[in-house]
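Raw contents of work-v1.txt, compact mmCIF, C-alpha atoms:
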# COMPACT_ATOMS: atom_id res chain seq x y z
CA HIS D 9 22.93 -7.29 -10.44
CA LEU D 10 20.38 -5.78 -12.81
CA GLN D 11 19.79 -2.05 -12.66
CA LEU D 12 16.42 -0.49 -13.41
CA PRO D 13 15.98 3.10 -14.62
CA LYS D 14 14.48 5.13 -11.79
CA ASN D 15 12.46 7.42 -14.04
CA LEU D 16 10.34 5.81 -16.70
CA ASP D 17 8.16 7.39 -19.39
CA THR D 18 5.50 8.84 -17.11
CA ARG D 19 5.44 10.30 -13.62
CA SER D 20 3.00 7.59 -12.54
CA GLU D 21 5.68 4.99 -13.22
CA ARG D 22 8.35 6.51 -11.01
CA TYR D 23 9.34 4.61 -7.89
CA CYS D 24 11.24 5.40 -4.71
CA VAL D 25 14.60 3.91 -3.95
CA LYS D 26 14.87 2.41 -0.46
CA GLU D 27 16.42 5.57 0.98
CA GLU D 28 13.53 7.74 -0.23
CA ARG D 29 10.95 5.23 0.95
CA ASP D 30 12.52 4.97 4.40
CA LEU D 31 12.84 8.76 4.69
CA LEU D 32 9.11 9.22 4.13
CA VAL D 33 8.28 6.54 6.68
CA ALA D 34 10.76 7.71 9.35
CA THR D 35 9.87 11.40 9.24
CA VAL D 36 6.11 11.12 9.81
CA PRO D 37 5.27 13.19 12.94
CA THR D 38 4.77 11.00 16.01
CA GLU D 39 1.30 12.47 16.51
CA ARG D 40 0.19 11.06 13.14
CA PRO D 41 0.31 7.25 13.47
CA ASP D 42 -2.53 7.10 10.93
CA LEU D 43 -0.33 8.78 8.31
CA GLU D 44 2.57 6.50 9.16
CA LEU D 45 0.26 3.52 8.59
CA VAL D 46 -0.60 4.87 5.13
CA PHE D 47 3.06 4.81 4.11
CA TRP D 48 3.67 1.34 5.55
CA LEU D 49 0.65 -0.19 3.79
CA GLY D 50 1.51 1.48 0.49
CA PHE D 51 5.26 0.90 0.41
CA PHE D 52 5.52 -2.47 2.15
CA LEU D 53 2.31 -4.18 1.00
CA GLY D 54 1.60 -2.41 -2.31
CA LEU D 55 -1.97 -1.51 -1.37
CA ARG D 56 -4.04 0.84 -3.49
CA LYS D 57 -5.36 4.04 -1.92
CA ASN D 58 -8.88 2.71 -1.38
CA GLU D 59 -7.52 -0.56 0.01
CA ILE D 60 -5.58 1.43 2.59
CA ALA D 61 -8.71 3.34 3.60
CA GLU D 62 -10.83 0.19 3.73
CA ALA D 63 -8.33 -2.18 5.39
CA ARG D 64 -9.75 -4.01 8.41
CA GLN D 65 -7.96 -5.05 11.56
CA ASP D 66 -8.80 -8.70 10.92
CA TRP D 67 -6.95 -8.54 7.59
CA VAL D 68 -3.74 -8.63 9.63
CA ASP D 69 -2.55 -12.15 10.48
CA LEU D 70 0.47 -11.51 12.65
CA HIS D 71 0.88 -15.17 13.62
CA GLY D 72 0.92 -16.31 9.99
CA GLY D 73 2.84 -13.28 8.74
CA VAL D 74 0.22 -12.57 6.09
CA PHE D 75 -1.96 -9.58 5.21
CA HIS D 76 -5.30 -10.53 3.63
CA VAL D 77 -7.23 -8.18 1.32
CA ARG D 78 -10.85 -9.33 1.47
CA LYS D 79 -14.30 -8.28 0.36
CA THR D 80 -16.39 -6.50 2.98
CA LYS D 81 -19.81 -4.92 3.10
CA THR D 82 -18.41 -1.60 1.86
CA PHE D 83 -15.45 -2.78 -0.24
CA THR D 84 -14.75 -5.19 -3.09
CA PRO D 85 -11.15 -5.80 -4.23
CA LYS D 86 -10.33 -5.00 -7.84
CA GLY D 87 -11.20 -8.03 -9.92
CA LYS D 88 -13.41 -9.19 -7.04
CA LYS D 89 -10.67 -11.52 -5.87
CA LYS D 90 -9.28 -11.70 -2.37
CA ARG D 91 -5.51 -11.92 -2.07
CA SER D 92 -2.85 -12.51 0.53
CA ILE D 93 0.45 -10.66 0.86
CA ARG D 94 3.36 -12.04 2.84
CA MET D 95 4.70 -9.56 5.37
CA SER D 96 8.37 -8.96 6.05
CA PRO D 97 9.49 -8.98 9.70
CA ARG D 98 9.83 -5.22 9.48
CA ILE D 99 6.17 -4.49 8.71
CA GLN D 100 5.06 -7.24 11.08
CA GLY D 101 6.89 -5.38 13.83
CA PHE D 102 5.26 -2.09 12.88
CA LEU D 103 1.74 -3.56 12.71
CA THR D 104 2.19 -5.35 16.03
CA LYS D 105 2.95 -2.06 17.75
CA TYR D 106 0.33 -0.16 15.75
CA LEU D 107 -2.44 -2.56 16.76
CA ASP D 108 -1.31 -2.52 20.39
CA ASP D 109 -1.49 1.29 20.43
CA LEU D 110 -4.67 1.61 18.34
CA GLU D 111 -7.48 3.32 20.19
CA GLU D 112 -10.87 1.66 20.02
CA GLY D 113 -13.50 3.14 17.75
CA PRO D 114 -16.99 2.30 16.53
CA THR D 115 -15.54 0.42 13.53
CA ASP D 116 -12.91 -2.28 12.96
CA TYR D 117 -11.00 -0.36 10.30
CA LEU D 118 -7.23 -0.39 10.56
CA LEU D 119 -6.93 3.26 9.53
CA ARG D 120 -8.89 5.69 11.71
CA PRO D 121 -11.47 3.34 13.28
CA ASP D 122 -13.25 6.45 14.56
CA LYS D 123 -14.37 7.23 10.99
CA LEU D 124 -17.61 5.62 9.84
CA PRO D 125 -18.14 4.22 6.31
CA GLY D 126 -18.94 6.73 3.59
CA LYS D 127 -22.32 6.90 1.92
CA LYS D 128 -23.22 4.94 -1.17
CA VAL D 129 -23.55 7.24 -4.18
CA LYS D 130 -24.06 6.86 -7.92
CA THR D 131 -20.85 6.90 -9.95
CA ARG D 132 -21.00 6.39 -13.70
CA GLY D 133 -24.45 4.94 -13.41
CA LYS D 134 -23.49 2.52 -10.65
CA LYS D 135 -23.73 2.80 -6.91
CA ALA D 136 -20.42 2.80 -5.08
CA TRP D 137 -19.20 3.64 -1.58
CA ARG D 138 -17.47 6.98 -1.18
CA TYR D 139 -14.12 7.19 0.55
CA ARG D 140 -14.62 6.71 4.27
CA PHE D 141 -11.46 8.66 5.03
CA ASP D 142 -9.13 10.35 2.56
CA PRO D 143 -5.52 10.87 3.73
CA GLU D 144 -4.51 12.56 0.45
CA ARG D 145 -3.90 16.08 1.80
CA ALA D 146 -1.71 14.97 4.72
CA PHE D 147 0.10 12.53 2.43
CA LYS D 148 0.96 15.15 -0.18
CA THR D 149 2.00 17.71 2.45
CA HIS D 150 4.40 15.24 4.04
CA CYS D 151 5.94 14.22 0.70
CA ARG D 152 6.41 17.86 -0.27
CA ARG D 153 8.13 18.67 3.04
CA GLN D 154 10.64 15.88 2.38
CA GLY D 155 11.38 17.18 -1.12
CA LEU D 156 9.55 14.26 -2.75
CA GLU D 157 6.47 16.06 -4.01
CA TRP D 158 6.28 13.76 -7.05
CA VAL D 159 5.40 10.75 -4.88
CA THR D 160 1.77 9.58 -5.15
CA PHE D 161 -0.19 6.66 -3.72
CA HIS D 162 0.49 4.80 -6.97
CA THR D 163 4.21 5.53 -6.57
CA MET D 164 4.16 3.50 -3.36
CA ARG D 165 2.59 0.57 -5.19
CA HIS D 166 5.19 0.89 -7.94
CA THR D 167 7.93 0.97 -5.33
CA PHE D 168 6.68 -2.23 -3.68
CA ALA D 169 6.63 -4.05 -7.02
CA THR D 170 9.90 -2.66 -8.39
CA LEU D 171 11.94 -3.36 -5.26
CA HIS D 172 10.65 -6.92 -5.31
CA ALA D 173 11.60 -7.18 -8.98
CA ILE D 174 15.10 -5.95 -8.18
CA ALA D 175 15.30 -8.54 -5.38
CA ASN D 176 14.39 -11.28 -7.88
CA THR D 177 10.95 -12.07 -6.48
CA PRO D 178 9.14 -14.16 -9.13
CA ILE D 179 6.81 -12.20 -11.40
CA SER D 180 4.02 -14.61 -10.49
CA THR D 181 4.42 -13.73 -6.81
CA ILE D 182 4.48 -9.99 -7.45
CA ALA D 183 1.36 -10.22 -9.62
CA LYS D 184 -0.49 -12.33 -7.08
CA GLU D 185 0.28 -9.97 -4.22
CA LEU D 186 -0.62 -6.89 -6.27
CA GLY D 187 -3.87 -8.45 -7.44
CA ASP D 188 -2.91 -7.96 -11.11
CA ASP D 189 -2.32 -10.48 -13.89
CA GLU D 190 1.23 -11.41 -14.81
CA LYS D 191 1.20 -9.64 -18.19
CA THR D 192 0.09 -6.34 -16.65
CA THR D 193 2.59 -6.71 -13.84
CA PHE D 194 5.43 -7.53 -16.22
CA GLU D 195 4.71 -4.58 -18.50
CA THR D 196 4.00 -2.09 -15.73
CA TYR D 197 6.56 -3.03 -13.11
CA ILE D 198 9.34 -4.48 -15.27
CA GLY D 199 9.03 -8.02 -13.98
CA TYR D 200 11.96 -9.79 -15.53
CA THR D 201 12.82 -11.85 -12.48
CA ARG D 202 13.42 -15.55 -12.04
CA HIS D 203 13.58 -16.45 -8.43
CA SER D 204 13.57 -15.04 -5.10
CA ASP D 205 14.57 -13.64 -1.81
CA HIS D 206 11.11 -12.32 -1.11
CA SER D 207 11.55 -11.12 2.45
CA GLY D 208 14.72 -9.20 1.66
CA ALA D 209 13.03 -6.93 -0.84
CA THR D 210 11.18 -4.87 1.74
CA ASP D 211 13.67 -4.81 4.60

Can you give me the file's structure in the form of structure tokens?
Amino acid sequence: HLQLPKNLDTRSERYCVKEERDLLVATVPTERPDLELVFWLGFFLGLRKNEIAEARQDWVDLHGGVFHVRKTKTFTPKGKKKRSIRMSPRIQGFLTKYLDDLEEGPTDYLLRPDKLPGKKVKTRGKKAWRYRFDPERAFKTHCRRQGLEWVTFHTMRHTFATLHAIANTPISTIAKELGDDEKTTFETYIGYTRHSDHSGATD
């Protein structure tokens, strides 16, 4: 069994071991299902912060066990490519309950459907949509309370990739589900794997 160093050269490259990941998920206050969703989408699907905020309810294919990241009117995936991420039974179970309990809103967003899209503003000479809803403050407060103040949104993405690497998920699969190329994924997430027990990596 190959062992990876937990702490790499920069803070942005740190990842959570399963116990730390599960602690952050399990200790979210029951009155904050939106915050719990943030941790599930980051840790178990490797979504970027803006992808979490922009995720739509119809991205979830519970029957097929797949989560689809797609272009919408207010969001374009990095690289302008849609991608599909296979869901483990564990996150399928969470999303099934989350969708059943989700209160209706004026939008079809997965996270806080009561929040409308942000306005389009100029950024670096180009027009881009502002964050519709930013869970950063609640996220950081929760991590700090659990003694894991170093965890960021990017840490969750690193955790998703690294735990899959440890579980021998193929580098091509990790790259495809992250929406990155294989070279970037290999160099960033230490993808030295050969072949796979994909579902076991996130359980």

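Minimum atom-to-atom distances from D:Val159, D:Gly87, D:Leu119, D:Phe168 to Phe147 in chain D were compared using all atoms listed in the file, and the lowest value belongs to D:Val159.
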
Which one of D:Ile182, D:Leu118, D:Met164, D:Leu32 sits closest to Ala63 in chain D if you count all atoms listed in the file?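 Of all the options, D:Leu118 lies closest to Ala63 in chain D.
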
For the point (-13.9, 5.6, -0.4) in file coordinates, what residues are within 9 Å, counting all atoms listed in the file? Give the answer as a list in words?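 Those residues, ordered by chain and then number, are Lys57, Asn58, Glu59, Ala61, Glu62, Thr82, Phe83, Pro125, Gly126, Lys127, Ala136, Trp137, Arg138, Tyr139, Arg140, Phe141 and Asp142 of chain D.
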
Closest of D:Thr192, D:Thr160, D:Leu70, D:Glu144 to Phe102 in chain D, counting all atoms listed in the file, is D:Leu70

Give me, as number ranges by chain, all polymer residues having an atom no more than 10 Å from Arg78 in chain D, counting all atoms listed in the file and skipping those fewer than 3 positions away in the same chain. D: 59, 62-64, 66-67, 75, 83-85, 88-92

Within 9 Å of Glu112 in chain D, counting only C-alpha atoms, which residues show up once you throw out same-chain ones fewer than 3 positions away? Write them as a list in words, please.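 My list of contacting residues is Thr115, Asp116, Pro121 and Asp122 of chain D.
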
Between CA of Ala183 in chain D and CA of Leu31 in chain D, measure the distance and give it in Å to one decimal.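 These two atoms are separated by 26.4 Å.
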
Long-range neighbours of range 36-49 of chain D as a ChimeraX atom specification, 8 Å cut-off, all atoms listed in the file, 6 positions minimum in chain: /D:55,60,99,106,119-120,143,146-147,150,164

Using all atoms listed in the file, pick whichever of D:Ile174, D:Arg56, D:Glu27, D:Ile93 has the shortest atom-to-atom distance to Val74 in chain D. D:Ile93
